[in-house]
Amino acid sequence: MEQGAQGSADPFGQSRAPARQHAAEPAARPDAGPPGARGEHTHGEHPVPRPRAAVRRSSVRGQILDALRTALVAGELTPGEVYSAPALGERFGVSATPVREAMQQLTLEGAVEVVPNRGFRVVRRGARELAELAEVRALLEVPVVLRLARTVPAERWAELRPLAEDTVRAASSGCPAAYAETDRAFHGAVLSLAGNAQLVRMAEDVHRRSQWPLAGAPARHRSTDLVADAAEHTALLDALIAHDLDVVRNLVGDHFAGAA
């Protein structure tokens, strides 16, 4: 993120007034390191005050990671834009260190990429990548769901009803970040019935990658698309409870085709 004498830019696109220079700057936070230690420009960025109570770094990192994931899915971090860890830390009221650690995790998830001496760029993704991820999800999930449809009793499927209803409520709210979370929770619960923790973990990673926004207008973030997607969850659950394998097969195929 570029910053200079005329002030700084908020990581979410809002302009900010330039920080007033004081005669004596407060001491830097112990975990922040010297300015530019990570190769990021810090001109004009005011040090973040020390929190009143000590918080475990792992807890802060997790909270920042969740916040950044939400901002990405909601489109508050723009594909192609570069954001520095110090500026994002100022936005969240923490030092650059947990932001930098969270951003490193997001690089592993394919959401951002490192830009030396500047920060992290939100990855631009196209329709082809989304289609490829949908294909991978289908290869992982469809055979498992069809197998489970033959073996899992109706009462176990009925226990997932609240999760399906959560997706409907989140879709109706029009909030893509809320829907993304409930969508992953529902699919994860379905796959967990297979008793394969590695499958659940791998499928969740691919699912999360498929939820990062496309460059330009993300069509699947429209409220009508989210509502339609959520309706497929409830319809699938109804078919699973009724043990209607033909309907299950059609719904599962349509659901992942729509994900592309």
# chains A, B, ... in the order shown; residues from 1 in each chain; ligands from 1

$ residues_around --residues "segment 171-187 of chain A" --least-positions-apart "3" --cutoff "7 Å" --atoms "only C-alpha atoms" --output "list in words"
Thr70, Val73, Ala74, Leu163, Ala164, Asp166, Thr167, Val168, Val190, Leu191, Glu204, His207, Gln211, His221, Ser223, Leu226, Val227 and Ala230 of chain A

$ select_by_dssp --residues "segment 75-239 of chain A" --states "helix (DSSP H, G or I)" --output "MDAnalysis selection string"
chainID A and resid 85:92 96:108 127:151 154:158 161:173 176:192 197:211 219:221 223:239

$ atom_distance --atom1 "atom CA of Glu232 of chain A" --atom2 "atom CA of Val248 of chain A"
10.4 Å

$ atom_distance --atom1 "atom CA of Arg61 of chain A" --atom2 "atom CA of Ala102 of chain A"
5.9 Å

$ residues_around --residues "Leu146 of chain A" --least-positions-apart "3" --cutoff "10 Å" --atoms "only C-alpha atoms" --output "PyMOL selection string"
chain A and resi 141-143+149-151+240+245-246+248-249+252

$ write_last_selection --atoms "N, CA, C and O atoms" --output "PDB file, in the first residue's frame"
ATOM      1  N   GLU A 141     -15.901 -34.880  -3.495  1.00  0.00           N
ATOM      2  CA  GLU A 141     -17.123 -34.952  -2.701  1.00  0.00           C
ATOM      3  C   GLU A 141     -18.225 -35.818  -3.293  1.00  0.00           C
ATOM      4  O   GLU A 141     -18.929 -36.516  -2.552  1.00  0.00           O
ATOM      5  N   VAL A 142     -18.409 -35.765  -4.613  1.00  0.00           N
ATOM      6  CA  VAL A 142     -19.557 -36.471  -5.207  1.00  0.00           C
ATOM      7  C   VAL A 142     -19.528 -37.969  -4.919  1.00  0.00           C
ATOM      8  O   VAL A 142     -20.535 -38.527  -4.449  1.00  0.00           O
ATOM      9  N   PRO A 143     -18.417 -38.679  -5.167  1.00  0.00           N
ATOM     10  CA  PRO A 143     -18.439 -40.127  -4.877  1.00  0.00           C
ATOM     11  C   PRO A 143     -18.716 -40.424  -3.405  1.00  0.00           C
ATOM     12  O   PRO A 143     -19.394 -41.410  -3.084  1.00  0.00           O
ATOM     13  N   ALA A 149     -25.049 -41.832   0.794  1.00  0.00           N
ATOM     14  CA  ALA A 149     -26.498 -41.867   0.575  1.00  0.00           C
ATOM     15  C   ALA A 149     -27.046 -43.285   0.686  1.00  0.00           C
ATOM     16  O   ALA A 149     -28.223 -43.486   1.033  1.00  0.00           O
ATOM     17  N   ARG A 150     -26.202 -44.284   0.424  1.00  0.00           N
ATOM     18  CA  ARG A 150     -26.632 -45.685   0.481  1.00  0.00           C
ATOM     19  C   ARG A 150     -26.480 -46.292   1.867  1.00  0.00           C
ATOM     20  O   ARG A 150     -27.071 -47.345   2.150  1.00  0.00           O
ATOM     21  N   THR A 151     -25.683 -45.666   2.723  1.00  0.00           N
ATOM     22  CA  THR A 151     -25.338 -46.311   3.991  1.00  0.00           C
ATOM     23  C   THR A 151     -25.761 -45.555   5.243  1.00  0.00           C
ATOM     24  O   THR A 151     -25.961 -46.172   6.299  1.00  0.00           O
ATOM     25  N   LEU A 240     -31.749 -37.114   0.728  1.00  0.00           N
ATOM     26  CA  LEU A 240     -30.958 -38.060   1.509  1.00  0.00           C
ATOM     27  C   LEU A 240     -31.791 -38.703   2.610  1.00  0.00           C
ATOM     28  O   LEU A 240     -31.671 -39.906   2.881  1.00  0.00           O
ATOM     29  N   LEU A 245     -32.147 -42.048  -4.173  1.00  0.00           N
ATOM     30  CA  LEU A 245     -30.804 -42.005  -4.730  1.00  0.00           C
ATOM     31  C   LEU A 245     -30.751 -41.307  -6.087  1.00  0.00           C
ATOM     32  O   LEU A 245     -29.762 -40.644  -6.409  1.00  0.00           O
ATOM     33  N   ASP A 246     -31.792 -41.442  -6.885  1.00  0.00           N
ATOM     34  CA  ASP A 246     -31.795 -40.774  -8.191  1.00  0.00           C
ATOM     35  C   ASP A 246     -31.792 -39.258  -8.028  1.00  0.00           C
ATOM     36  O   ASP A 246     -31.064 -38.538  -8.722  1.00  0.00           O
ATOM     37  N   VAL A 248     -30.791 -37.635  -5.355  1.00  0.00           N
ATOM     38  CA  VAL A 248     -29.502 -37.276  -4.761  1.00  0.00           C
ATOM     39  C   VAL A 248     -28.445 -37.138  -5.845  1.00  0.00           C
ATOM     40  O   VAL A 248     -27.681 -36.161  -5.876  1.00  0.00           O
ATOM     41  N   ARG A 249     -28.389 -38.106  -6.766  1.00  0.00           N
ATOM     42  CA  ARG A 249     -27.385 -38.083  -7.827  1.00  0.00           C
ATOM     43  C   ARG A 249     -27.533 -36.832  -8.692  1.00  0.00           C
ATOM     44  O   ARG A 249     -26.548 -36.164  -9.026  1.00  0.00           O
ATOM     45  N   VAL A 252     -26.606 -33.560  -6.558  1.00  0.00           N
ATOM     46  CA  VAL A 252     -25.171 -33.418  -6.320  1.00  0.00           C
ATOM     47  C   VAL A 252     -24.464 -32.957  -7.588  1.00  0.00           C
ATOM     48  O   VAL A 252     -23.611 -32.064  -7.565  1.00  0.00           O
TER      49      VAL A 252
END

$ residues_around --residues "segment 123-139 of chain A" --least-positions-apart "5" --cutoff "9 Å" --atoms "only C-alpha atoms" --output "PyMOL selection string"
chain A and resi 78-81+110-113+203+206-207+209-216+252-253+256-260

$ write_last_selection --atoms "N, CA and C atoms" --output "PDB file, in the first residue's frame"
ATOM      1  N   THR A  78      -9.345  -5.798  -2.526  1.00  0.00           N
ATOM      2  CA  THR A  78      -9.557  -5.829  -3.972  1.00  0.00           C
ATOM      3  C   THR A  78      -8.525  -6.686  -4.689  1.00  0.00           C
ATOM      4  N   PRO A  79      -8.947  -7.610  -5.558  1.00  0.00           N
ATOM      5  CA  PRO A  79      -7.989  -8.377  -6.363  1.00  0.00           C
ATOM      6  C   PRO A  79      -7.070  -7.457  -7.156  1.00  0.00           C
ATOM      7  N   GLY A  80      -5.774  -7.759  -7.086  1.00  0.00           N
ATOM      8  CA  GLY A  80      -4.777  -6.954  -7.780  1.00  0.00           C
ATOM      9  C   GLY A  80      -4.158  -5.864  -6.942  1.00  0.00           C
ATOM     10  N   GLU A  81      -4.783  -5.494  -5.825  1.00  0.00           N
ATOM     11  CA  GLU A  81      -4.258  -4.443  -4.956  1.00  0.00           C
ATOM     12  C   GLU A  81      -3.225  -5.022  -3.978  1.00  0.00           C
ATOM     13  N   GLY A 110      -3.629 -19.624  -1.464  1.00  0.00           N
ATOM     14  CA  GLY A 110      -3.801 -19.102  -2.807  1.00  0.00           C
ATOM     15  C   GLY A 110      -4.583 -17.814  -2.905  1.00  0.00           C
ATOM     16  N   ALA A 111      -4.795 -17.135  -1.766  1.00  0.00           N
ATOM     17  CA  ALA A 111      -5.593 -15.914  -1.779  1.00  0.00           C
ATOM     18  C   ALA A 111      -4.750 -14.678  -2.065  1.00  0.00           C
ATOM     19  N   VAL A 112      -3.500 -14.652  -1.605  1.00  0.00           N
ATOM     20  CA  VAL A 112      -2.619 -13.506  -1.815  1.00  0.00           C
ATOM     21  C   VAL A 112      -1.245 -14.019  -2.227  1.00  0.00           C
ATOM     22  N   GLU A 113      -0.408 -13.093  -2.721  1.00  0.00           N
ATOM     23  CA  GLU A 113       0.962 -13.431  -3.061  1.00  0.00           C
ATOM     24  C   GLU A 113       1.883 -12.361  -2.518  1.00  0.00           C
ATOM     25  N   ALA A 203     -10.883 -31.338   1.465  1.00  0.00           N
ATOM     26  CA  ALA A 203     -12.058 -30.772   0.810  1.00  0.00           C
ATOM     27  C   ALA A 203     -12.334 -29.351   1.293  1.00  0.00           C
ATOM     28  N   VAL A 206      -9.909 -26.919  -0.518  1.00  0.00           N
ATOM     29  CA  VAL A 206     -10.328 -26.636  -1.892  1.00  0.00           C
ATOM     30  C   VAL A 206     -11.590 -25.777  -1.895  1.00  0.00           C
ATOM     31  N   HIS A 207     -12.496 -26.071  -0.987  1.00  0.00           N
ATOM     32  CA  HIS A 207     -13.743 -25.307  -0.885  1.00  0.00           C
ATOM     33  C   HIS A 207     -13.435 -23.843  -0.577  1.00  0.00           C
ATOM     34  N   ARG A 209     -10.688 -22.183  -1.152  1.00  0.00           N
ATOM     35  CA  ARG A 209     -10.056 -21.566  -2.318  1.00  0.00           C
ATOM     36  C   ARG A 209     -11.101 -21.165  -3.360  1.00  0.00           C
ATOM     37  N   SER A 210     -12.139 -21.967  -3.485  1.00  0.00           N
ATOM     38  CA  SER A 210     -13.163 -21.678  -4.482  1.00  0.00           C
ATOM     39  C   SER A 210     -14.024 -20.477  -4.094  1.00  0.00           C
ATOM     40  N   GLN A 211     -13.924 -20.046  -2.841  1.00  0.00           N
ATOM     41  CA  GLN A 211     -14.753 -18.928  -2.379  1.00  0.00           C
ATOM     42  C   GLN A 211     -14.067 -17.575  -2.501  1.00  0.00           C
ATOM     43  N   TRP A 212     -12.739 -17.551  -2.791  1.00  0.00           N
ATOM     44  CA  TRP A 212     -12.096 -16.258  -2.997  1.00  0.00           C
ATOM     45  C   TRP A 212     -12.703 -15.597  -4.223  1.00  0.00           C
ATOM     46  N   PRO A 213     -12.887 -14.262  -4.204  1.00  0.00           N
ATOM     47  CA  PRO A 213     -13.613 -13.597  -5.288  1.00  0.00           C
ATOM     48  C   PRO A 213     -12.850 -13.579  -6.602  1.00  0.00           C
ATOM     49  N   LEU A 214     -13.603 -13.534  -7.689  1.00  0.00           N
ATOM     50  CA  LEU A 214     -13.025 -13.381  -9.019  1.00  0.00           C
ATOM     51  C   LEU A 214     -12.642 -11.931  -9.256  1.00  0.00           C
ATOM     52  N   ALA A 215     -11.729 -11.720 -10.204  1.00  0.00           N
ATOM     53  CA  ALA A 215     -11.422 -10.359 -10.640  1.00  0.00           C
ATOM     54  C   ALA A 215     -12.641  -9.817 -11.382  1.00  0.00           C
ATOM     55  N   GLY A 216     -13.012  -8.583 -11.115  1.00  0.00           N
ATOM     56  CA  GLY A 216     -14.206  -8.019 -11.720  1.00  0.00           C
ATOM     57  C   GLY A 216     -15.425  -8.304 -10.866  1.00  0.00           C
ATOM     58  N   VAL A 252     -26.606 -33.560  -6.558  1.00  0.00           N
ATOM     59  CA  VAL A 252     -25.171 -33.418  -6.320  1.00  0.00           C
ATOM     60  C   VAL A 252     -24.464 -32.957  -7.588  1.00  0.00           C
ATOM     61  N   GLY A 253     -24.830 -33.543  -8.732  1.00  0.00           N
ATOM     62  CA  GLY A 253     -24.218 -33.133  -9.983  1.00  0.00           C
ATOM     63  C   GLY A 253     -24.517 -31.678 -10.316  1.00  0.00           C
ATOM     64  N   PHE A 256     -22.515 -29.032  -7.945  1.00  0.00           N
ATOM     65  CA  PHE A 256     -21.111 -28.765  -8.259  1.00  0.00           C
ATOM     66  C   PHE A 256     -20.944 -28.170  -9.646  1.00  0.00           C
ATOM     67  N   ALA A 257     -21.869 -28.452 -10.549  1.00  0.00           N
ATOM     68  CA  ALA A 257     -21.829 -27.785 -11.842  1.00  0.00           C
ATOM     69  C   ALA A 257     -22.101 -26.298 -11.672  1.00  0.00           C
ATOM     70  N   GLY A 258     -23.017 -25.960 -10.758  1.00  0.00           N
ATOM     71  CA  GLY A 258     -23.324 -24.563 -10.484  1.00  0.00           C
ATOM     72  C   GLY A 258     -22.202 -23.853  -9.789  1.00  0.00           C
ATOM     73  N   ALA A 259     -21.372 -24.603  -9.048  1.00  0.00           N
ATOM     74  CA  ALA A 259     -20.246 -23.980  -8.341  1.00  0.00           C
ATOM     75  C   ALA A 259     -19.221 -23.412  -9.305  1.00  0.00           C
ATOM     76  N   ALA A 260     -19.223 -23.898 -10.534  1.00  0.00           N
ATOM     77  CA  ALA A 260     -18.276 -23.379 -11.532  1.00  0.00           C
ATOM     78  C   ALA A 260     -18.783 -22.104 -12.162  1.00  0.00           C
TER      79      ALA A 260
END

$ residues_around --residues "Glu101 of chain A" --least-positions-apart "4" --cutoff "12 Å" --atoms "only C-alpha atoms" --output "list in words"
Asp31, Ala32, Arg38, Arg57, Ser58, Ser59, Val60, Arg61, Gly62, Gln63, Ile64, Leu65, Leu68, Ala85, Pro86, Gly89, Ser95, Ala96, Thr97, Gln105, Leu106, Thr107, Leu108, Val114, Gly119 and Phe120 of chain A

$ select_by_dssp --residues "segment 27-254 of chain A" --states "strand (DSSP E)" --output "number ranges by chain"
A: 82-83, 112-115, 119-122

$ atom_distance --atom1 "atom CA of Glu159 of chain A" --atom2 "atom CA of Asp205 of chain A"
24.1 Å
